[in-house]
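Novice: I am sharing model_11.cif, which consists of mmCIF, C-alpha atoms:
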```cif
data_protein
loop_
_atom_site.group_PDB
_atom_site.id
_atom_site.type_symbol
_atom_site.label_atom_id
_atom_site.label_comp_id
_atom_site.auth_asym_id
_atom_site.auth_seq_id
_atom_site.Cartn_x
_atom_site.Cartn_y
_atom_site.Cartn_z
ATOM 1 C CA MET A 240 -11.994 -6.137 24.150
ATOM 2 C CA LYS A 241 -12.075 -8.325 21.020
ATOM 3 C CA VAL A 242 -10.059 -6.823 18.165
ATOM 4 C CA VAL A 243 -8.648 -7.634 14.765
ATOM 5 C CA LEU A 244 -4.984 -6.727 14.313
ATOM 6 C CA GLY A 245 -3.734 -5.305 11.010
ATOM 7 C CA PHE A 246 -0.081 -5.236 9.966
ATOM 8 C CA ASP A 247 1.556 -3.443 7.022
ATOM 9 C CA THR A 248 5.258 -3.071 6.181
ATOM 10 C CA SER A 249 5.550 -0.807 3.160
ATOM 11 C CA CYS A 250 8.640 0.739 1.597
ATOM 12 C CA TYR A 251 8.845 3.564 4.138
ATOM 13 C CA THR A 252 6.512 2.828 7.085
ATOM 14 C CA THR A 253 6.018 0.098 9.675
ATOM 15 C CA SER A 254 2.312 0.104 10.585
ATOM 16 C CA MET A 255 0.046 -1.760 12.985
ATOM 17 C CA ALA A 256 -3.590 -1.079 13.908
ATOM 18 C CA THR A 257 -6.464 -2.695 15.765
ATOM 19 C CA VAL A 258 -10.203 -2.385 15.192
ATOM 20 C CA ASP A 259 -12.994 -3.744 17.364
ATOM 21 C CA LEU A 260 -15.690 -6.046 16.007
ATOM 22 C CA LYS A 261 -17.866 -3.052 15.097
ATOM 23 C CA GLY A 262 -15.078 -1.560 12.987
ATOM 24 C CA LYS A 263 -14.057 1.171 15.408
ATOM 25 C CA VAL A 264 -10.353 2.004 15.302
ATOM 26 C CA ILE A 265 -8.825 1.215 18.689
ATOM 27 C CA SER A 266 -5.179 1.868 17.853
ATOM 28 C CA ASN A 267 -3.271 3.127 14.843
ATOM 29 C CA GLY A 268 0.516 3.297 14.936
ATOM 30 C CA GLN A 269 3.149 4.064 12.329
ATOM 31 C CA ILE A 270 6.931 4.325 12.458
ATOM 32 C CA MET A 271 8.608 5.958 9.475
ATOM 33 C CA LEU A 272 11.743 4.288 8.166
ATOM 34 C CA GLU A 273 14.871 6.425 8.221
ATOM 35 C CA VAL A 274 16.488 7.655 5.022
ATOM 36 C CA ASP A 275 19.974 9.190 5.051
ATOM 37 C CA LYS A 276 20.165 12.910 4.306
ATOM 38 C CA GLY A 277 20.447 13.643 0.601
ATOM 39 C CA GLN A 278 19.197 10.200 -0.407
ATOM 40 C CA ARG A 279 16.015 9.702 -2.429
ATOM 41 C CA GLY A 280 14.917 6.381 -0.998
ATOM 42 C CA LEU A 281 15.818 3.056 0.598
ATOM 43 C CA SER A 282 16.840 -0.261 -0.877
ATOM 44 C CA GLN A 283 14.483 -3.143 -0.126
ATOM 45 C CA SER A 284 17.119 -4.844 2.041
ATOM 46 C CA LYS A 285 17.647 -1.752 4.208
ATOM 47 C CA ALA A 286 13.895 -1.163 4.497
ATOM 48 C CA LEU A 287 13.310 -4.779 5.513
ATOM 49 C CA PHE A 288 16.077 -4.537 8.140
ATOM 50 C CA GLN A 289 14.500 -1.399 9.623
ATOM 51 C CA HIS A 290 11.057 -3.026 9.754
ATOM 52 C CA LEU A 291 12.512 -5.837 11.851
ATOM 53 C CA HIS A 292 14.099 -3.349 14.249
ATOM 54 C CA ASN A 293 10.821 -1.405 14.494
ATOM 55 C CA LEU A 294 8.815 -4.452 15.622
ATOM 56 C CA PRO A 295 9.370 -4.070 19.396
ATOM 57 C CA ASN A 296 8.443 -0.371 19.287
ATOM 58 C CA ILE A 297 5.386 -0.749 17.049
ATOM 59 C CA THR A 298 4.023 -3.637 19.123
ATOM 60 C CA ASP A 299 4.595 -1.591 22.299
ATOM 61 C CA LEU A 300 2.706 1.280 20.713
ATOM 62 C CA ILE A 301 -0.295 -0.944 19.996
ATOM 63 C CA ALA A 302 -0.243 -2.965 23.227
ATOM 64 C CA ASN A 303 -0.123 0.112 25.455
ATOM 65 C CA VAL A 304 -3.349 1.606 24.082
ATOM 66 C CA THR A 305 -5.467 -0.676 26.250
ATOM 67 C CA ASP A 306 -4.811 -3.428 28.786
ATOM 68 C CA ASP A 307 -7.533 -5.828 27.708
ATOM 69 C CA LEU A 308 -6.903 -6.525 24.026
ATOM 70 C CA ASP A 309 -8.224 -9.909 22.917
ATOM 71 C CA ILE A 310 -6.903 -10.463 19.379
ATOM 72 C CA VAL A 311 -9.377 -12.720 17.522
ATOM 73 C CA ALA A 312 -7.783 -12.485 14.050
ATOM 74 C CA ILE A 313 -4.725 -11.040 12.312
ATOM 75 C CA CYS A 314 -4.568 -9.630 8.793
ATOM 76 C CA SER A 315 -1.352 -8.660 6.991
ATOM 77 C CA SER A 316 -0.667 -6.954 3.698
ATOM 78 C CA THR A 317 1.547 -9.486 1.956
ATOM 79 C CA LYS A 318 2.142 -7.806 -1.402
ATOM 80 C CA PRO A 319 1.679 -4.409 -3.075
ATOM 81 C CA ARG A 320 -1.316 -5.111 -5.336
ATOM 82 C CA PRO A 321 -4.010 -7.795 -5.739
ATOM 83 C CA VAL A 322 -2.479 -9.466 -8.801
ATOM 84 C CA GLU A 323 -0.498 -12.699 -9.077
ATOM 85 C CA ASP A 324 2.908 -11.288 -10.001
ATOM 86 C CA SER A 325 2.849 -8.462 -7.442
ATOM 87 C CA TYR A 326 5.789 -8.843 -5.065
ATOM 88 C CA MET A 327 8.040 -6.714 -2.890
ATOM 89 C CA PRO A 328 10.410 -8.112 -0.220
ATOM 90 C CA VAL A 329 9.375 -5.628 2.494
ATOM 91 C CA PHE A 330 5.938 -7.238 2.747
ATOM 92 C CA MET A 331 7.545 -10.500 3.838
ATOM 93 C CA VAL A 332 7.927 -8.914 7.287
ATOM 94 C CA SER A 333 4.209 -8.239 7.496
ATOM 95 C CA TYR A 334 3.398 -11.754 6.328
ATOM 96 C CA LEU A 335 5.884 -13.685 8.486
ATOM 97 C CA VAL A 336 5.293 -11.763 11.708
ATOM 98 C CA GLY A 337 1.521 -11.751 11.259
ATOM 99 C CA LYS A 338 1.439 -15.476 10.533
ATOM 100 C CA ALA A 339 3.740 -16.287 13.461
ATOM 101 C CA MET A 340 1.612 -14.237 15.871
ATOM 102 C CA ALA A 341 -1.567 -15.903 14.593
ATOM 103 C CA ASN A 342 -0.011 -19.340 15.089
ATOM 104 C CA ILE A 343 0.975 -18.550 18.685
ATOM 105 C CA LEU A 344 -2.408 -17.011 19.518
ATOM 106 C CA LYS A 345 -4.258 -19.766 17.594
ATOM 107 C CA VAL A 346 -6.405 -17.251 15.728
ATOM 108 C CA PRO A 347 -7.255 -16.967 12.012
ATOM 109 C CA PHE A 348 -4.671 -15.335 9.755
ATOM 110 C CA TYR A 349 -5.801 -13.426 6.667
ATOM 111 C CA GLU A 350 -3.888 -11.879 3.784
ATOM 112 C CA THR A 351 -4.639 -8.744 1.815
ATOM 113 C CA THR A 352 -2.612 -6.203 -0.185
ATOM 114 C CA HIS A 353 -1.179 -2.781 0.498
ATOM 115 C CA GLN A 354 -3.354 -1.181 -2.174
ATOM 116 C CA GLU A 355 -6.575 -2.736 -0.904
ATOM 117 C CA GLY A 356 -5.636 -1.487 2.550
ATOM 118 C CA HIS A 357 -5.345 2.063 1.201
ATOM 119 C CA VAL A 358 -8.756 1.839 -0.473
ATOM 120 C CA MET A 359 -10.400 0.406 2.662
ATOM 121 C CA ALA A 360 -8.808 3.023 4.937
ATOM 122 C CA GLY A 361 -9.984 5.752 2.583
ATOM 123 C CA LEU A 362 -13.539 4.437 2.480
ATOM 124 C CA SER A 363 -13.643 4.191 6.268
ATOM 125 C CA SER A 364 -12.828 7.892 6.603
ATOM 126 C CA VAL A 365 -15.340 9.426 4.155
ATOM 127 C CA GLU A 366 -19.107 9.777 4.197
ATOM 128 C CA GLY A 367 -21.504 9.369 1.307
ATOM 129 C CA LEU A 368 -19.510 7.018 -0.917
ATOM 130 C CA ASP A 369 -21.921 4.102 -0.716
ATOM 131 C CA GLU A 370 -21.877 2.883 -4.318
ATOM 132 C CA ASP A 371 -20.539 -0.583 -5.087
ATOM 133 C CA ARG A 372 -18.595 0.772 -8.093
ATOM 134 C CA PHE A 373 -16.342 3.817 -8.048
ATOM 135 C CA VAL A 374 -12.939 5.119 -9.131
ATOM 136 C CA ALA A 375 -9.987 5.341 -6.760
ATOM 137 C CA ILE A 376 -6.806 7.272 -7.519
ATOM 138 C CA HIS A 377 -3.830 5.918 -5.589
ATOM 139 C CA LEU A 378 -0.943 8.399 -5.465
ATOM 140 C CA SER A 379 2.223 7.661 -3.524
ATOM 141 C CA GLY A 380 5.954 7.233 -3.901
ATOM 142 C CA GLY A 381 5.476 3.766 -5.366
ATOM 143 C CA THR A 382 2.105 3.994 -7.111
ATOM 144 C CA SER A 383 0.289 6.388 -9.421
ATOM 145 C CA GLU A 384 -2.771 4.528 -10.642
ATOM 146 C CA MET A 385 -6.386 5.184 -11.516
ATOM 147 C CA LEU A 386 -8.452 2.185 -10.455
ATOM 148 C CA GLU A 387 -11.966 0.959 -11.078
ATOM 149 C CA ILE A 388 -13.207 -0.555 -7.821
ATOM 150 C CA HIS A 389 -16.036 -3.044 -7.316
ATOM 151 C CA ARG A 390 -16.903 -3.905 -3.732
ATOM 152 C CA LYS A 391 -17.032 -7.550 -2.622
ATOM 153 C CA GLU A 392 -18.109 -9.042 0.689
ATOM 154 C CA THR A 393 -14.551 -9.382 1.922
ATOM 155 C CA GLY A 394 -12.691 -6.808 -0.175
ATOM 156 C CA PHE A 395 -12.552 -5.454 -3.702
ATOM 157 C CA ASP A 396 -12.196 -6.321 -7.343
ATOM 158 C CA ILE A 397 -9.650 -3.810 -8.662
ATOM 159 C CA SER A 398 -8.709 -3.103 -12.256
ATOM 160 C CA ILE A 399 -6.243 -0.475 -13.449
ATOM 161 C CA ILE A 400 -7.758 2.181 -15.722
ATOM 162 C CA GLY A 401 -4.678 4.383 -16.002
ATOM 163 C CA GLU A 402 -1.143 4.714 -14.668
ATOM 164 C CA THR A 403 2.122 6.601 -14.976
ATOM 165 C CA GLN A 404 4.504 5.867 -17.835
ATOM 166 C CA ASP A 405 7.555 6.785 -15.762
ATOM 167 C CA LEU A 406 7.865 8.442 -12.346
ATOM 168 C CA HIS A 407 5.230 8.177 -9.660
ATOM 169 C CA ALA A 408 3.675 11.330 -8.214
ATOM 170 C CA GLY A 409 5.474 10.832 -4.904
ATOM 171 C CA GLN A 410 8.812 10.330 -6.652
ATOM 172 C CA PHE A 411 8.302 13.618 -8.496
ATOM 173 C CA VAL A 412 7.628 15.426 -5.206
ATOM 174 C CA ASP A 413 10.520 13.754 -3.379
ATOM 175 C CA ARG A 414 13.093 14.264 -6.120
ATOM 176 C CA VAL A 415 12.334 17.965 -6.453
ATOM 177 C CA GLY A 416 12.262 18.325 -2.676
ATOM 178 C CA VAL A 417 15.638 16.651 -2.248
ATOM 179 C CA ALA A 418 17.052 18.809 -5.064
ATOM 180 C CA LEU A 419 15.914 21.824 -3.014
ATOM 181 C CA GLY A 420 17.778 20.469 0.021
ATOM 182 C CA LEU A 421 14.751 19.086 1.885
ATOM 183 C CA PRO A 422 14.802 15.780 3.803
ATOM 184 C CA PHE A 423 13.295 12.607 2.332
ATOM 185 C CA PRO A 424 10.364 12.020 2.182
ATOM 186 C CA ALA A 425 10.016 15.618 1.066
ATOM 187 C CA GLY A 426 6.226 16.026 0.791
ATOM 188 C CA PRO A 427 5.461 17.763 4.125
ATOM 189 C CA LYS A 428 8.416 20.170 3.940
ATOM 190 C CA LEU A 429 7.792 20.931 0.257
ATOM 191 C CA GLU A 430 4.177 21.748 1.124
ATOM 192 C CA GLU A 431 5.316 24.146 3.867
ATOM 193 C CA LEU A 432 7.633 25.833 1.360
ATOM 194 C CA ALA A 433 4.899 26.017 -1.286
ATOM 195 C CA PHE A 434 2.663 28.095 1.004
ATOM 196 C CA LYS A 435 5.229 30.884 0.623
ATOM 197 C CA GLY A 436 5.184 30.686 -3.173
ATOM 198 C CA GLN A 437 3.640 33.163 -5.589
ATOM 199 C CA PRO A 438 0.834 31.552 -7.640
ATOM 200 C CA GLY A 439 1.640 31.393 -11.347
ATOM 201 C CA LYS A 440 5.133 32.828 -10.952
ATOM 202 C CA VAL A 441 6.605 29.691 -12.505
ATOM 203 C CA ILE A 442 4.753 26.876 -14.257
ATOM 204 C CA ILE A 443 5.706 23.231 -14.630
ATOM 205 C CA PRO A 444 3.965 21.584 -17.609
ATOM 206 C CA SER A 445 1.833 18.490 -17.074
ATOM 207 C CA PHE A 446 1.624 15.368 -19.224
ATOM 208 C CA VAL A 447 -1.612 13.437 -19.779
ATOM 209 C CA ARG A 448 -2.382 11.236 -22.783
ATOM 210 C CA GLY A 449 -5.691 9.435 -22.417
ATOM 211 C CA TYR A 450 -5.334 7.330 -19.298
ATOM 212 C CA GLU A 451 -1.545 7.691 -19.213
ATOM 213 C CA ILE A 452 0.323 10.273 -17.145
ATOM 214 C CA GLY A 453 3.999 10.987 -16.550
ATOM 215 C CA PHE A 454 6.251 13.113 -14.364
ATOM 216 C CA SER A 455 9.807 12.672 -15.696
ATOM 217 C CA GLY A 456 9.473 15.712 -17.964
ATOM 218 C CA ALA A 457 8.014 17.701 -15.076
ATOM 219 C CA GLU A 458 10.940 16.733 -12.861
ATOM 220 C CA THR A 459 13.442 17.796 -15.541
ATOM 221 C CA HIS A 460 11.646 21.129 -15.930
ATOM 222 C CA ALA A 461 11.648 21.682 -12.152
ATOM 223 C CA ARG A 462 15.387 20.970 -11.961
ATOM 224 C CA ARG A 463 16.020 23.556 -14.696
ATOM 225 C CA LEU A 464 14.021 26.108 -12.720
ATOM 226 C CA ILE A 465 16.134 25.356 -9.627
ATOM 227 C CA GLU A 466 19.381 25.628 -11.618
ATOM 228 C CA ALA A 467 18.176 28.937 -13.089
ATOM 229 C CA GLY A 468 17.841 30.339 -9.583
ATOM 230 C CA GLU A 469 14.066 30.539 -9.332
ATOM 231 C CA ASN A 470 12.619 31.096 -5.869
ATOM 232 C CA PRO A 471 12.401 27.645 -4.182
ATOM 233 C CA ALA A 472 8.943 28.474 -2.799
ATOM 234 C CA ASP A 473 7.650 29.259 -6.290
ATOM 235 C CA VAL A 474 9.099 25.988 -7.601
ATOM 236 C CA ALA A 475 7.510 24.075 -4.724
ATOM 237 C CA LEU A 476 4.085 25.569 -5.442
ATOM 238 C CA ALA A 477 4.510 24.850 -9.160
ATOM 239 C CA VAL A 478 5.147 21.154 -8.359
ATOM 240 C CA PHE A 479 1.801 20.783 -6.600
ATOM 241 C CA MET A 480 -0.061 22.814 -9.229
ATOM 242 C CA CYS A 481 1.440 20.530 -11.887
ATOM 243 C CA LEU A 482 -0.038 17.589 -9.972
ATOM 244 C CA VAL A 483 -3.400 19.365 -9.792
ATOM 245 C CA LYS A 484 -3.435 19.976 -13.559
ATOM 246 C CA THR A 485 -2.422 16.377 -14.233
ATOM 247 C CA LEU A 486 -5.189 14.993 -12.027
ATOM 248 C CA GLU A 487 -7.799 17.340 -13.481
ATOM 249 C CA LYS A 488 -7.049 16.252 -17.063
ATOM 250 C CA TRP A 489 -6.756 12.582 -16.061
ATOM 251 C CA ILE A 490 -10.115 12.545 -14.302
ATOM 252 C CA ALA A 491 -11.757 14.511 -17.134
ATOM 253 C CA ASN A 492 -10.608 11.896 -19.650
ATOM 254 C CA ALA A 493 -11.939 9.089 -17.461
ATOM 255 C CA ILE A 494 -15.427 10.482 -16.918
ATOM 256 C CA LYS A 495 -15.844 11.115 -20.650
ATOM 257 C CA GLU A 496 -15.609 7.376 -21.316
ATOM 258 C CA ARG A 497 -16.927 5.794 -18.111
ATOM 259 C CA ASP A 498 -20.175 6.304 -16.282
ATOM 260 C CA ILE A 499 -18.427 6.805 -12.943
ATOM 261 C CA LYS A 500 -18.333 10.162 -11.192
ATOM 262 C CA ASN A 501 -17.433 9.105 -7.660
ATOM 263 C CA ILE A 502 -13.676 9.547 -7.176
ATOM 264 C CA LEU A 503 -11.830 8.435 -4.022
ATOM 265 C CA MET A 504 -8.331 9.861 -3.513
ATOM 266 C CA VAL A 505 -5.914 7.741 -1.451
ATOM 267 C CA GLY A 506 -2.162 7.512 -0.873
ATOM 268 C CA GLY A 507 0.294 9.856 0.773
ATOM 269 C CA VAL A 508 0.408 12.432 -2.036
ATOM 270 C CA SER A 509 -3.353 12.958 -1.805
ATOM 271 C CA SER A 510 -2.992 14.196 1.791
ATOM 272 C CA ASN A 511 -1.496 17.438 0.450
ATOM 273 C CA SER A 512 -3.779 20.368 1.270
ATOM 274 C CA ILE A 513 -2.856 22.374 -1.864
ATOM 275 C CA ILE A 514 -3.859 19.486 -4.123
ATOM 276 C CA ARG A 515 -7.092 18.983 -2.179
ATOM 277 C CA LYS A 516 -8.143 22.613 -2.395
ATOM 278 C CA HIS A 517 -7.335 23.318 -6.020
ATOM 279 C CA LEU A 518 -8.391 19.977 -7.502
ATOM 280 C CA GLU A 519 -11.809 20.214 -5.888
ATOM 281 C CA LEU A 520 -12.327 23.754 -7.230
ATOM 282 C CA ARG A 521 -11.220 22.815 -10.748
ATOM 283 C CA LEU A 522 -13.402 19.712 -10.939
ATOM 284 C CA LYS A 523 -16.477 21.614 -9.753
ATOM 285 C CA LYS A 524 -15.980 24.051 -12.622
ATOM 286 C CA LEU A 525 -15.480 21.158 -15.036
ATOM 287 C CA ASP A 526 -18.542 19.124 -13.971
ATOM 288 C CA ASN A 527 -20.527 19.855 -10.837
ATOM 289 C CA SER A 528 -21.804 16.258 -10.734
ATOM 290 C CA ILE A 529 -18.321 14.870 -9.980
ATOM 291 C CA ARG A 530 -18.095 13.759 -6.346
ATOM 292 C CA LEU A 531 -14.520 13.910 -5.082
ATOM 293 C CA PHE A 532 -13.722 12.136 -1.809
ATOM 294 C CA PHE A 533 -10.397 12.584 -0.042
ATOM 295 C CA ALA A 534 -9.352 10.081 2.599
ATOM 296 C CA ASP A 535 -8.610 11.597 5.982
ATOM 297 C CA PRO A 536 -4.975 12.827 5.805
ATOM 298 C CA LYS A 537 -3.980 10.449 8.615
ATOM 299 C CA LEU A 538 -5.420 7.542 6.618
ATOM 300 C CA SER A 539 -4.096 8.736 3.246
ATOM 301 C CA LYS A 540 -0.547 7.920 4.219
ATOM 302 C CA ASP A 541 0.641 4.353 4.773
ATOM 303 C CA ASN A 542 -1.241 2.770 7.655
ATOM 304 C CA ALA A 543 -2.641 -0.590 8.775
ATOM 305 C CA VAL A 544 -6.202 0.551 9.569
ATOM 306 C CA GLY A 545 -7.555 -0.559 6.191
ATOM 307 C CA VAL A 546 -5.728 -3.881 6.529
ATOM 308 C CA ALA A 547 -7.344 -4.460 9.946
ATOM 309 C CA LEU A 548 -10.785 -3.548 8.579
ATOM 310 C CA LEU A 549 -10.371 -5.983 5.684
ATOM 311 C CA GLY A 550 -9.345 -8.617 8.222
ATOM 312 C CA LEU A 551 -12.562 -7.870 10.106
ATOM 313 C CA LYS A 552 -14.597 -8.399 6.926
ATOM 314 C CA LYS A 553 -12.915 -11.752 6.338
ATOM 315 C CA TYR A 554 -13.381 -12.749 9.989
ATOM 316 C CA ASN A 555 -17.089 -11.846 9.902
ATOM 317 C CA ALA A 556 -17.558 -13.825 6.693
ATOM 318 C CA ASP A 557 -16.058 -16.891 8.382
ATOM 319 C CA TYR A 558 -17.579 -16.634 11.854
ATOM 320 C CA SER A 559 -20.775 -14.554 11.818
#
```
In structure tokens, how does this file's structure come out?
Specialist:
Amino acid sequence: MKVVLGFDTSCYTTSMATVDLKGKVISNGQIMLEVDKGQRGLSQSKALFQHLHNLPNITDLIANVTDDLDIVAICSSTKPRPVEDSYMPVFMVSYLVGKAMANILKVPFYETTHQEGHVMAGLSSVEGLDEDRFVAIHLSGGTSEMLEIHRKETGFDISIIGETQDLHAGQFVDRVGVALGLPFPAGPKLEELAFKGQPGKVIIPSFVRGYEIGFSGAETHARRLIEAGENPADVALAVFMCLVKTLEKWIANAIKERDIKNILMVGGVSSNSIIRKHLELRLKKLDNSIRLFFADPKLSKDNAVGVALLGLKKYNADYS
């Protein structure tokens, strides 16, 4: 079976995936990096070290899916975003291992970015978003950006419309979660806790100014609620409702000024079911013509499926 291999080494996940020449996902593997209890993240050096140690296991995971893989091209995410000065040491693992494998196999090697991989993975998992121009909102522990996307033959032209002035959405979630005694990354456990919360019992204010958002004030407010002895479940629910309110205002400001009403949500934070449910309801009330697309939860989080699919596009452009 001829496949394109995708490889992504982000701040918290080692990912590899393969797609066949029709774009069908053949394998999709991720290994989360380990963060010590009570810590709110990893240094780049520790993350890079863990990626290297994960390589035997992640390659085993991919190789064992089928016995007849014929890798015809390899694509790696080699930096966070598609701009010149974008750099993060962890992506050197993706680049160096991908390039070395391509050299040994004597197959083409292609480069893309982590963000483009997220957008491509999201697009591959939704139906009906066929326009060449749309908005993507990328929410994770390292990114909180509103993007205008233009499709190209082998990828995307991406420009930032709006971004956070301080903390990212994922940092807000993780910091509050860790303050509540949850393990890092705290998103899944904080979501479980939030289901037990009483709606509206406590409120965390949101900050939106035009295309700018921020979460440092929200984090401070959440910490005060925790110190005051508020029910942790109520605080957890208030965190996600703060995110919903922020996104609602942010999107409303964007559609007032831009003739774009197709919104694709990608990144780990957007996999949260509370955000999905409430944001969709609020936007329908705001403007029923807004079309909100959420990437499949498995493809919202860090993965290499989008990277492999972008590699396939580049391969087809060169060899079809």
Novice: For each of A:Phe454, A:Phe373, A:Tyr349, A:Tyr334, take the minimum atom-to-atom distance to Met385 in chain A, counting all atoms listed in the file, then give the residue where this is smallest.
Specialist: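 Smallest separation from Met385 in chain A among the options: A:Phe373.
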Novice: For the structure shown, which residues end up in the PyMOL selection byres ((chain A and resi 396) around 12)? Put them as number ranges by chain, please?
Specialist: A: 320-322, 352, 354-355, 358, 371-375, 386-395, 397-399
Novice: Please measure the separation of CA of Phe288 in chain A and CA of Lys428 in chain A, giving the value in Å to one decimal.
Specialist: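 CA of Lys428 in chain A lies 26.2 Å from CA of Phe288 in chain A.
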Novice: Choose the residue, out of A:Ala543, A:Ile443, A:Leu362, A:Leu548, that has the smallest atom-to-atom separation from Ala475 in chain A; count all atoms listed in the file.
Specialist: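 Answer, going by the shortest atom-to-atom distance: A:Ile443.
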Novice: Output the residue selection produced by the PyMOL selection byres ((chain A and resi 267) around 6) on the file above, formatted as a list in words.
Specialist: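 This file, filtered by the PyMOL selection byres ((chain A and resi 267) around 6), leaves Ala256, Ser266 and Gly268 of chain A.
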Novice: Figure out the distance between CA of His357 in chain A and CA of Asp309 in chain A, please, to one decimal in Å.
Specialist: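 Taking CA of Asp309 in chain A as the start and CA of His357 in chain A as the end point, the length is 25.0 Å.
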Novice: Mind pulling up the distance from CA of Ser512 in chain A to CA of Met271 in chain A?
Specialist: 20.7 Å
Novice: List the residues matched by the PyMOL selection byres ((chain A and resi 434) around 12) in the displayed structure as an mmCIF file with C-alpha atoms, keeping the file's coordinate frame, ordered by chain and then by residue number.
Specialist:
```cif
data_model
loop_
_atom_site.group_PDB
_atom_site.id
_atom_site.type_symbol
_atom_site.label_atom_id
_atom_site.label_comp_id
_atom_site.auth_asym_id
_atom_site.auth_seq_id
_atom_site.Cartn_x
_atom_site.Cartn_y
_atom_site.Cartn_z
ATOM 1 C CA PRO A 427 5.461 17.763 4.125
ATOM 2 C CA LYS A 428 8.416 20.170 3.940
ATOM 3 C CA LEU A 429 7.792 20.931 0.257
ATOM 4 C CA GLU A 430 4.177 21.748 1.124
ATOM 5 C CA GLU A 431 5.316 24.146 3.867
ATOM 6 C CA LEU A 432 7.633 25.833 1.360
ATOM 7 C CA ALA A 433 4.899 26.017 -1.286
ATOM 8 C CA LYS A 435 5.229 30.884 0.623
ATOM 9 C CA GLY A 436 5.184 30.686 -3.173
ATOM 10 C CA GLN A 437 3.640 33.163 -5.589
ATOM 11 C CA PRO A 438 0.834 31.552 -7.640
ATOM 12 C CA PRO A 471 12.401 27.645 -4.182
ATOM 13 C CA ALA A 472 8.943 28.474 -2.799
ATOM 14 C CA ASP A 473 7.650 29.259 -6.290
ATOM 15 C CA VAL A 474 9.099 25.988 -7.601
ATOM 16 C CA ALA A 475 7.510 24.075 -4.724
ATOM 17 C CA LEU A 476 4.085 25.569 -5.442
ATOM 18 C CA ALA A 477 4.510 24.850 -9.160
ATOM 19 C CA VAL A 478 5.147 21.154 -8.359
ATOM 20 C CA PHE A 479 1.801 20.783 -6.600
ATOM 21 C CA MET A 480 -0.061 22.814 -9.229
ATOM 22 C CA ASN A 511 -1.496 17.438 0.450
ATOM 23 C CA SER A 512 -3.779 20.368 1.270
ATOM 24 C CA ILE A 513 -2.856 22.374 -1.864
ATOM 25 C CA ILE A 514 -3.859 19.486 -4.123
#
```
Novice: Name all residues at most 12 Å from Lys338 in chain A (count only C-alpha atoms; drop same-chain ones fewer than 3 positions away) and give them as a PyMOL selection string.
Specialist: chain A and resi 244-246+312-317+331-335+341-350
Novice: Write out as number ranges by chain each polymer residue whose atoms come within 7 Å of Tyr251 in chain A, counting all atoms listed in the file; drop sequence neighbours fewer than 2 positions from it.
Specialist: A: 249, 271-272, 286
Novice: Would you please work out which residue, of A:Lys241, A:Lys285, A:Val311, A:Leu525, is nearest to Lys553 in chain A when using all atoms listed in the file?
Specialist: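 Counting all atoms listed in the file, the residue closest to Lys553 in chain A is A:Val311.
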Novice: Could you put an axis-aligned box around every listed atom of range 481-492 of chain A, padded by 4 Å on each side, and send me its centre and edge lengths in Å to one decimal, as AutoDock Vina command-line options?
Specialist:
```
--center_x -5.2 --center_y 16.2 --center_z -14.7 --size_x 21.2 --size_y 16.6 --size_z 17.9
```
Novice: List the spatial neighbours of Gln410 in chain A as a PyMOL selection string - criterion: any atom at most 8 Å away, all atoms listed in the file, same-chain residues fewer than 5 positions off excluded.
Specialist: chain A and resi 379-381
Novice: Can you pull out every residue within 12 Å of Ile494 in chain A, counting all atoms listed in the file, but drop anything in the same chain fewer than 6 positions away, and send it as a ChimeraX atom specification?
Specialist: /A:373-374,385,387,400,449-450,487-488,500-502,522,525-526,528-530
Novice: Can you work out which one of A:Ile301, A:Val505, A:Val329, A:Cys250 has the shortest atom-to-atom distance to His377 in chain A, counting only C-alpha atoms?
Specialist: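 The shortest atom-to-atom distance to His377 in chain A comes from A:Val505.
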Novice: So, counting all atoms listed in the file, which residue among A:Ser559, A:His292, A:Val447, A:Asp306 is closest to Ala491 in chain A?
Specialist: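 Looking at the shortest contact to Ala491 in chain A, the residue is A:Val447.
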Novice: Given only C-alpha atoms as the basis, pick out the residue of A:Met340, A:Met327, A:Ile310, A:Leu486 nearest to His353 in chain A.
Specialist: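 Closest to His353 in chain A of all the choices is A:Met327.
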Novice: Anything within 8 Å of (-13.8, 0.4, 5.4): list those residues as a VMD selection string, counting all atoms listed in the file and sticking to the file's coordinates.
Specialist: chain A and resid 262 358 to 364 545 548 to 549
Novice: Could you rebuild range 333-339 of chain A with N, CA and C atoms and give it back as an mmCIF file, in the frame of the given file?
Specialist:
```
data_model
loop_
_atom_site.group_PDB
_atom_site.id
_atom_site.type_symbol
_atom_site.label_atom_id
_atom_site.label_comp_id
_atom_site.auth_asym_id
_atom_site.auth_seq_id
_atom_site.Cartn_x
_atom_site.Cartn_y
_atom_site.Cartn_z
ATOM 1 N N SER A 333 5.623 -8.248 7.108
ATOM 2 C CA SER A 333 4.209 -8.239 7.496
ATOM 3 C C SER A 333 3.630 -9.647 7.496
ATOM 4 N N TYR A 334 3.934 -10.387 6.444
ATOM 5 C CA TYR A 334 3.398 -11.754 6.328
ATOM 6 C C TYR A 334 3.951 -12.665 7.428
ATOM 7 N N LEU A 335 5.273 -12.717 7.573
ATOM 8 C CA LEU A 335 5.884 -13.685 8.486
ATOM 9 C C LEU A 335 5.553 -13.384 9.951
ATOM 10 N N VAL A 336 5.597 -12.111 10.321
ATOM 11 C CA VAL A 336 5.293 -11.763 11.708
ATOM 12 C C VAL A 336 3.806 -11.971 11.993
ATOM 13 N N GLY A 337 2.958 -11.559 11.065
ATOM 14 C CA GLY A 337 1.521 -11.751 11.259
ATOM 15 C C GLY A 337 1.151 -13.216 11.373
ATOM 16 N N LYS A 338 1.731 -14.038 10.514
ATOM 17 C CA LYS A 338 1.439 -15.476 10.533
ATOM 18 C C LYS A 338 1.975 -16.116 11.818
ATOM 19 N N ALA A 339 3.164 -15.724 12.233
ATOM 20 C CA ALA A 339 3.740 -16.287 13.461
ATOM 21 C C ALA A 339 2.896 -15.926 14.682
#
```
